[in-house]
Every structure is written in structure tokens, then in C-alpha cells.
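Coordinates as given in final23.txt (compact mmCIF, N, CA and C atoms):
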# COMPACT_ATOMS: atom_id res chain seq x y z
N MET E 1 10.09 -3.46 -6.16
CA MET E 1 9.56 -2.26 -5.58
C MET E 1 10.35 -1.06 -6.06
N GLY E 2 10.47 -0.91 -7.32
CA GLY E 2 11.15 0.25 -7.86
C GLY E 2 12.63 0.02 -8.07
N ILE E 3 13.28 1.06 -8.48
CA ILE E 3 14.71 1.02 -8.75
C ILE E 3 15.43 1.63 -7.55
N GLN E 4 16.28 0.83 -6.90
CA GLN E 4 17.02 1.30 -5.73
C GLN E 4 17.86 2.53 -6.09
N GLY E 5 17.75 3.58 -5.27
CA GLY E 5 18.58 4.76 -5.43
C GLY E 5 18.16 5.70 -6.54
N LEU E 6 16.98 5.48 -7.15
CA LEU E 6 16.55 6.32 -8.27
C LEU E 6 16.18 7.73 -7.82
N LEU E 7 15.42 7.87 -6.74
CA LEU E 7 14.95 9.19 -6.32
C LEU E 7 16.09 10.18 -6.03
N PRO E 8 17.13 9.77 -5.30
CA PRO E 8 18.22 10.73 -5.09
C PRO E 8 18.86 11.19 -6.40
N LEU E 9 18.92 10.32 -7.38
CA LEU E 9 19.49 10.70 -8.67
C LEU E 9 18.61 11.71 -9.40
N LEU E 10 17.29 11.60 -9.20
CA LEU E 10 16.35 12.49 -9.88
C LEU E 10 16.11 13.79 -9.14
N LYS E 11 16.58 13.89 -7.91
CA LYS E 11 16.28 15.04 -7.07
C LYS E 11 16.52 16.39 -7.75
N PRO E 12 17.62 16.58 -8.50
CA PRO E 12 17.82 17.88 -9.16
C PRO E 12 16.74 18.22 -10.19
N ALA E 13 16.07 17.21 -10.72
CA ALA E 13 15.07 17.45 -11.76
C ALA E 13 13.65 17.53 -11.21
N ILE E 14 13.48 17.32 -9.90
CA ILE E 14 12.15 17.30 -9.29
C ILE E 14 11.68 18.71 -8.99
N GLU E 15 10.44 18.98 -9.38
CA GLU E 15 9.81 20.27 -9.07
C GLU E 15 8.45 19.98 -8.45
N HIS E 16 8.23 20.46 -7.23
CA HIS E 16 6.96 20.25 -6.55
C HIS E 16 5.94 21.27 -7.07
N VAL E 17 4.82 20.77 -7.60
CA VAL E 17 3.77 21.63 -8.12
C VAL E 17 2.42 21.12 -7.63
N HIS E 18 1.42 21.97 -7.65
CA HIS E 18 0.06 21.57 -7.28
C HIS E 18 -0.55 20.77 -8.42
N LEU E 19 -1.33 19.76 -8.07
CA LEU E 19 -1.94 18.91 -9.10
C LEU E 19 -2.82 19.68 -10.07
N SER E 20 -3.39 20.77 -9.63
CA SER E 20 -4.26 21.55 -10.53
C SER E 20 -3.51 22.04 -11.76
N ARG E 21 -2.20 22.07 -11.68
CA ARG E 21 -1.39 22.46 -12.84
C ARG E 21 -1.60 21.48 -14.01
N PHE E 22 -2.04 20.27 -13.71
CA PHE E 22 -2.24 19.25 -14.73
C PHE E 22 -3.70 19.10 -15.15
N LYS E 23 -4.50 20.12 -14.85
CA LYS E 23 -5.91 20.10 -15.24
C LYS E 23 -6.02 19.85 -16.74
N GLY E 24 -6.90 18.90 -17.10
CA GLY E 24 -7.11 18.56 -18.50
C GLY E 24 -6.09 17.57 -19.05
N LYS E 25 -5.12 17.21 -18.24
CA LYS E 25 -4.08 16.26 -18.66
C LYS E 25 -4.41 14.86 -18.12
N VAL E 26 -3.81 13.85 -18.74
CA VAL E 26 -3.94 12.48 -18.26
C VAL E 26 -2.70 12.15 -17.44
N ILE E 27 -2.92 11.67 -16.22
CA ILE E 27 -1.83 11.28 -15.34
C ILE E 27 -1.95 9.79 -15.05
N ALA E 28 -0.85 9.07 -15.23
CA ALA E 28 -0.82 7.64 -14.90
C ALA E 28 -0.37 7.49 -13.45
N VAL E 29 -1.09 6.67 -12.69
CA VAL E 29 -0.74 6.40 -11.30
C VAL E 29 -0.62 4.89 -11.12
N ASP E 30 0.21 4.49 -10.17
CA ASP E 30 0.42 3.07 -9.87
C ASP E 30 -0.69 2.62 -8.92
N GLY E 31 -1.65 1.88 -9.45
CA GLY E 31 -2.78 1.42 -8.65
C GLY E 31 -2.37 0.51 -7.51
N ASN E 32 -1.32 -0.29 -7.70
CA ASN E 32 -0.86 -1.18 -6.63
C ASN E 32 -0.32 -0.39 -5.45
N VAL E 33 0.33 0.72 -5.71
CA VAL E 33 0.83 1.56 -4.62
C VAL E 33 -0.34 2.15 -3.84
N TRP E 34 -1.35 2.62 -4.54
CA TRP E 34 -2.53 3.15 -3.85
C TRP E 34 -3.17 2.09 -2.96
N ILE E 35 -3.35 0.90 -3.49
CA ILE E 35 -3.96 -0.18 -2.70
C ILE E 35 -3.09 -0.50 -1.49
N HIS E 36 -1.79 -0.61 -1.72
CA HIS E 36 -0.86 -0.93 -0.62
C HIS E 36 -0.93 0.12 0.48
N ARG E 37 -0.91 1.39 0.11
CA ARG E 37 -1.00 2.46 1.11
C ARG E 37 -2.35 2.45 1.81
N GLY E 38 -3.39 2.12 1.08
CA GLY E 38 -4.72 2.07 1.67
C GLY E 38 -4.87 0.98 2.71
N THR E 39 -4.07 -0.07 2.59
CA THR E 39 -4.17 -1.18 3.55
C THR E 39 -3.64 -0.79 4.93
N TYR E 40 -2.90 0.30 5.05
CA TYR E 40 -2.44 0.74 6.37
C TYR E 40 -3.62 1.04 7.28
N ALA E 41 -4.69 1.53 6.71
CA ALA E 41 -5.86 1.92 7.51
C ALA E 41 -6.62 0.72 8.06
N CYS E 42 -6.42 -0.44 7.45
CA CYS E 42 -7.19 -1.62 7.86
C CYS E 42 -6.30 -2.85 7.97
N ALA E 43 -5.04 -2.67 8.33
CA ALA E 43 -4.07 -3.77 8.36
C ALA E 43 -4.51 -4.89 9.29
N LEU E 44 -5.02 -4.56 10.46
CA LEU E 44 -5.42 -5.60 11.41
C LEU E 44 -6.59 -6.40 10.86
N ASP E 45 -7.58 -5.73 10.27
CA ASP E 45 -8.71 -6.44 9.67
C ASP E 45 -8.23 -7.41 8.60
N LEU E 46 -7.34 -6.95 7.74
CA LEU E 46 -6.83 -7.80 6.66
C LEU E 46 -6.05 -8.98 7.22
N ALA E 47 -5.22 -8.73 8.24
CA ALA E 47 -4.42 -9.80 8.83
C ALA E 47 -5.29 -10.87 9.49
N GLU E 48 -6.41 -10.43 10.06
CA GLU E 48 -7.31 -11.36 10.73
C GLU E 48 -8.35 -11.96 9.80
N GLY E 49 -8.35 -11.52 8.55
CA GLY E 49 -9.32 -12.06 7.59
C GLY E 49 -10.69 -11.44 7.71
N THR E 50 -10.80 -10.30 8.41
CA THR E 50 -12.08 -9.61 8.56
C THR E 50 -12.37 -8.83 7.28
N PRO E 51 -13.55 -9.00 6.71
CA PRO E 51 -13.86 -8.26 5.48
C PRO E 51 -13.80 -6.75 5.71
N THR E 52 -13.20 -6.04 4.77
CA THR E 52 -13.08 -4.59 4.86
C THR E 52 -12.97 -4.01 3.45
N VAL E 53 -13.41 -2.78 3.32
CA VAL E 53 -13.26 -2.06 2.05
C VAL E 53 -12.53 -0.73 2.28
N ALA E 54 -11.89 -0.59 3.45
CA ALA E 54 -11.22 0.67 3.78
C ALA E 54 -10.15 1.02 2.76
N TYR E 55 -9.42 0.03 2.27
CA TYR E 55 -8.37 0.31 1.29
C TYR E 55 -8.95 0.76 -0.05
N ILE E 56 -10.12 0.29 -0.37
CA ILE E 56 -10.80 0.72 -1.60
C ILE E 56 -11.27 2.16 -1.46
N ARG E 57 -11.80 2.48 -0.29
CA ARG E 57 -12.24 3.87 -0.04
C ARG E 57 -11.07 4.84 -0.13
N TYR E 58 -9.90 4.41 0.32
CA TYR E 58 -8.71 5.24 0.24
C TYR E 58 -8.42 5.56 -1.24
N CYS E 59 -8.45 4.55 -2.08
CA CYS E 59 -8.20 4.75 -3.52
C CYS E 59 -9.27 5.65 -4.13
N GLN E 60 -10.53 5.45 -3.74
CA GLN E 60 -11.61 6.28 -4.24
C GLN E 60 -11.41 7.74 -3.84
N LYS E 61 -10.93 7.95 -2.61
CA LYS E 61 -10.71 9.32 -2.13
C LYS E 61 -9.62 10.00 -2.96
N LEU E 62 -8.52 9.30 -3.21
CA LEU E 62 -7.45 9.87 -4.02
C LEU E 62 -7.92 10.16 -5.44
N ALA E 63 -8.64 9.21 -6.02
CA ALA E 63 -9.14 9.40 -7.38
C ALA E 63 -10.11 10.58 -7.44
N GLY E 64 -10.99 10.69 -6.45
CA GLY E 64 -11.94 11.79 -6.41
C GLY E 64 -11.26 13.13 -6.26
N MET E 65 -10.21 13.17 -5.43
CA MET E 65 -9.47 14.40 -5.24
C MET E 65 -8.81 14.84 -6.54
N MET E 66 -8.21 13.88 -7.24
CA MET E 66 -7.50 14.22 -8.48
C MET E 66 -8.46 14.60 -9.60
N THR E 67 -9.53 13.84 -9.76
CA THR E 67 -10.49 14.17 -10.82
C THR E 67 -11.23 15.46 -10.49
N GLY E 68 -11.39 15.75 -9.19
CA GLY E 68 -12.00 17.00 -8.78
C GLY E 68 -11.18 18.22 -9.18
N LEU E 69 -9.90 18.02 -9.38
CA LEU E 69 -9.01 19.09 -9.83
C LEU E 69 -8.92 19.14 -11.36
N GLY E 70 -9.72 18.30 -12.03
CA GLY E 70 -9.74 18.31 -13.48
C GLY E 70 -8.69 17.43 -14.14
N VAL E 71 -8.05 16.58 -13.34
CA VAL E 71 -7.04 15.67 -13.87
C VAL E 71 -7.72 14.38 -14.30
N GLN E 72 -7.35 13.86 -15.45
CA GLN E 72 -7.85 12.58 -15.92
C GLN E 72 -6.88 11.49 -15.46
N LEU E 73 -7.40 10.40 -14.95
CA LEU E 73 -6.55 9.34 -14.40
C LEU E 73 -6.44 8.14 -15.32
N LEU E 74 -5.25 7.59 -15.35
CA LEU E 74 -5.00 6.29 -15.96
C LEU E 74 -4.36 5.46 -14.86
N VAL E 75 -5.14 4.56 -14.27
CA VAL E 75 -4.64 3.75 -13.16
C VAL E 75 -4.01 2.49 -13.75
N VAL E 76 -2.74 2.27 -13.42
CA VAL E 76 -1.96 1.17 -13.97
C VAL E 76 -1.70 0.14 -12.88
N PHE E 77 -1.90 -1.13 -13.21
CA PHE E 77 -1.61 -2.23 -12.29
C PHE E 77 -0.50 -3.10 -12.88
N ASP E 78 0.24 -3.76 -12.00
CA ASP E 78 1.33 -4.63 -12.45
C ASP E 78 0.83 -5.67 -13.44
N GLY E 79 1.74 -6.09 -14.27
CA GLY E 79 1.47 -7.17 -15.21
C GLY E 79 1.91 -8.49 -14.61
N HIS E 80 2.47 -9.34 -15.44
CA HIS E 80 2.93 -10.66 -15.00
C HIS E 80 4.11 -10.53 -14.05
N THR E 81 4.29 -11.56 -13.23
CA THR E 81 5.41 -11.61 -12.32
C THR E 81 6.70 -11.79 -13.12
N LEU E 82 7.71 -11.04 -12.75
CA LEU E 82 9.01 -11.15 -13.42
C LEU E 82 9.84 -12.23 -12.73
N PRO E 83 10.35 -13.21 -13.49
CA PRO E 83 11.16 -14.27 -12.88
C PRO E 83 12.36 -13.74 -12.08
N ALA E 84 12.94 -12.64 -12.52
CA ALA E 84 14.10 -12.07 -11.82
C ALA E 84 13.76 -11.60 -10.41
N LYS E 85 12.48 -11.33 -10.17
CA LYS E 85 12.06 -10.85 -8.85
C LYS E 85 11.67 -12.01 -7.93
N GLY E 86 11.84 -13.24 -8.38
CA GLY E 86 11.47 -14.42 -7.60
C GLY E 86 12.03 -14.41 -6.19
N PRO E 87 13.35 -14.21 -6.02
CA PRO E 87 13.91 -14.20 -4.66
C PRO E 87 13.32 -13.11 -3.78
N ALA E 88 13.07 -11.94 -4.34
CA ALA E 88 12.48 -10.85 -3.56
C ALA E 88 11.06 -11.21 -3.14
N HIS E 89 10.29 -11.82 -4.03
CA HIS E 89 8.93 -12.23 -3.68
C HIS E 89 8.94 -13.30 -2.59
N GLN E 90 9.91 -14.21 -2.67
CA GLN E 90 10.01 -15.26 -1.65
C GLN E 90 10.33 -14.65 -0.29
N ARG E 91 11.25 -13.68 -0.24
CA ARG E 91 11.58 -13.01 1.03
C ARG E 91 10.35 -12.30 1.60
N ARG E 92 9.58 -11.65 0.73
CA ARG E 92 8.37 -10.95 1.20
C ARG E 92 7.34 -11.93 1.74
N ARG E 93 7.19 -13.08 1.07
CA ARG E 93 6.26 -14.10 1.57
C ARG E 93 6.67 -14.57 2.96
N GLU E 94 7.97 -14.80 3.15
CA GLU E 94 8.47 -15.24 4.45
C GLU E 94 8.24 -14.18 5.52
N LYS E 95 8.49 -12.92 5.19
CA LYS E 95 8.27 -11.83 6.15
C LYS E 95 6.79 -11.73 6.53
N ARG E 96 5.90 -11.89 5.53
CA ARG E 96 4.46 -11.85 5.83
C ARG E 96 4.07 -13.00 6.74
N LYS E 97 4.62 -14.18 6.46
CA LYS E 97 4.31 -15.35 7.28
C LYS E 97 4.77 -15.12 8.72
N GLN E 98 5.98 -14.61 8.89
CA GLN E 98 6.50 -14.34 10.24
C GLN E 98 5.67 -13.27 10.94
N ALA E 99 5.28 -12.24 10.21
CA ALA E 99 4.47 -11.17 10.81
C ALA E 99 3.11 -11.70 11.24
N ASN E 100 2.51 -12.56 10.42
CA ASN E 100 1.21 -13.13 10.79
C ASN E 100 1.33 -14.03 12.01
N GLN E 101 2.43 -14.78 12.10
CA GLN E 101 2.64 -15.62 13.28
C GLN E 101 2.82 -14.77 14.53
N ALA E 102 3.58 -13.69 14.41
CA ALA E 102 3.79 -12.79 15.55
C ALA E 102 2.48 -12.14 15.97
N LEU E 103 1.67 -11.75 14.99
CA LEU E 103 0.38 -11.15 15.30
C LEU E 103 -0.52 -12.14 16.03
N SER E 104 -0.53 -13.38 15.57
CA SER E 104 -1.35 -14.41 16.22
C SER E 104 -0.90 -14.63 17.66
N ALA E 105 0.41 -14.68 17.87
CA ALA E 105 0.94 -14.88 19.22
C ALA E 105 0.57 -13.69 20.11
N TYR E 106 0.70 -12.49 19.58
CA TYR E 106 0.35 -11.30 20.34
C TYR E 106 -1.14 -11.29 20.69
N ALA E 107 -1.97 -11.66 19.73
CA ALA E 107 -3.42 -11.69 19.97
C ALA E 107 -3.76 -12.70 21.05
N GLU E 108 -3.09 -13.83 21.06
CA GLU E 108 -3.34 -14.86 22.07
C GLU E 108 -2.93 -14.35 23.45
N ILE E 109 -1.78 -13.72 23.56
CA ILE E 109 -1.33 -13.16 24.84
C ILE E 109 -2.29 -12.08 25.31
N SER E 110 -2.74 -11.25 24.39
CA SER E 110 -3.67 -10.18 24.72
C SER E 110 -4.99 -10.75 25.26
N LYS E 111 -5.48 -11.82 24.62
CA LYS E 111 -6.73 -12.44 25.09
C LYS E 111 -6.56 -13.02 26.48
N GLU E 112 -5.40 -13.66 26.74
CA GLU E 112 -5.14 -14.23 28.06
C GLU E 112 -5.10 -13.14 29.12
N GLN E 113 -4.44 -12.03 28.83
CA GLN E 113 -4.36 -10.92 29.77
C GLN E 113 -5.74 -10.33 30.04
N GLU E 114 -6.52 -10.19 28.99
CA GLU E 114 -7.88 -9.66 29.14
C GLU E 114 -8.72 -10.60 29.99
N PHE E 115 -8.57 -11.92 29.79
CA PHE E 115 -9.33 -12.91 30.56
C PHE E 115 -8.94 -12.85 32.03
N ASN E 116 -7.64 -12.68 32.30
CA ASN E 116 -7.14 -12.64 33.68
C ASN E 116 -7.59 -11.37 34.40
N MET E 117 -7.89 -10.33 33.66
CA MET E 117 -8.32 -9.07 34.28
C MET E 117 -9.78 -9.12 34.70
N THR E 118 -10.55 -10.04 34.16
CA THR E 118 -11.98 -10.10 34.49
C THR E 118 -12.27 -11.06 35.59
Hey, can you dump this file as C-alpha cells for me?
Amino acid sequence: MGIQGLLPLLKPAIEHVHLSRFKGKVIAVDGNVWIHRGTYACALDLAEGTPTVAYIRYCQKLAGMMTGLGVQLLVVFDGHTLPAKGPAHQRRREKRKQANQALSAYAEISKEQEFNMT
């Protein structure tokens, strides 16, 4: 997930500008980041296996906003898995598994409470 501590090192070189400044230019964006951020809007649906396209709409909205300003997009997705990232991927898998188990337990408790209220 990036290079640890990179942004603070780059801070002196960062200049905040409006995207319209890049009109007619090609900008590369990390498609995986867009998808990941888009999943916040539909996290529960995804966790429960409910079909959703909310994360796709999020990406479409960003792309439409940028192309509407005259920016050309090059959306980049990750390539092959890097063996050096194996331990990090394993930790993330474990965290997802634990989070899904916690969600299932919470959903079960919530259903019981709802049943007891009726």
C-alpha cells in the first residue's frame, strides 16, 4: 500500500492546484484506489454478498468529473502479486476474515434483539 513515510518527505514539493490546470493532459490514476474508496459506500452489501454496483458508480463519477474538466485519463491497475508483499497480504486476509466474523456475530445479535422487540 505505497511507500511508508513518502508523503511527509514530498510535502515541500507538493503544490495544490485545480484539476482544470491539466486540461488536455493525460493523467494516470490508480484504479485500485478508486475501487477501494468506492467500496466505502457499499461495504455492508459487499460483506453480506449482496450484489451492488455502488463502487463502480463512484469510479464513473470521478472519471466523469475529470474528463469533464478536459483531462484525459489513464487508469492503471496493479499487475502481478509481488512475493515480497506475501506477509502483508496474509495479514490483510486475516483481518478481513476477523472483520467478517465480527460482522456476522453483530448481525446475529441484532436479529435477536429485533426479534425480542416484536
Spatial neighbours of region 25-33 of chain E, max dist 7 Å, only N, CA and C atoms, sep filter under 3 positions, as a ChimeraX atom specification: /E:21-22,36-38,70-78
Find the distance between CA of Gln98 (chain E) and atom N of Leu46 (chain E) and write it in Å to one decimal.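 Between CA of Gln98 (chain E) and atom N of Leu46 (chain E) the gap works out to 15.9 Å.
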Determine which residues of region 4-72 of chain E receive a DSSP assignment of helix (DSSP H, G or I), computed from the backbone, and state them as a PyMOL selection string. chain E and resi 6-13+19-22+31-48+54-68
Just list as a list in words whatever in region 13-112 of chain E DSSP marks as strand (DSSP E or B).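 Taking region 13-112 of chain E and keeping strand (DSSP E or B) gives Val26, Ile27, Ala28, Val29, Asp30, Gln72, Leu73, Leu74, Val75 and Val76 of chain E.
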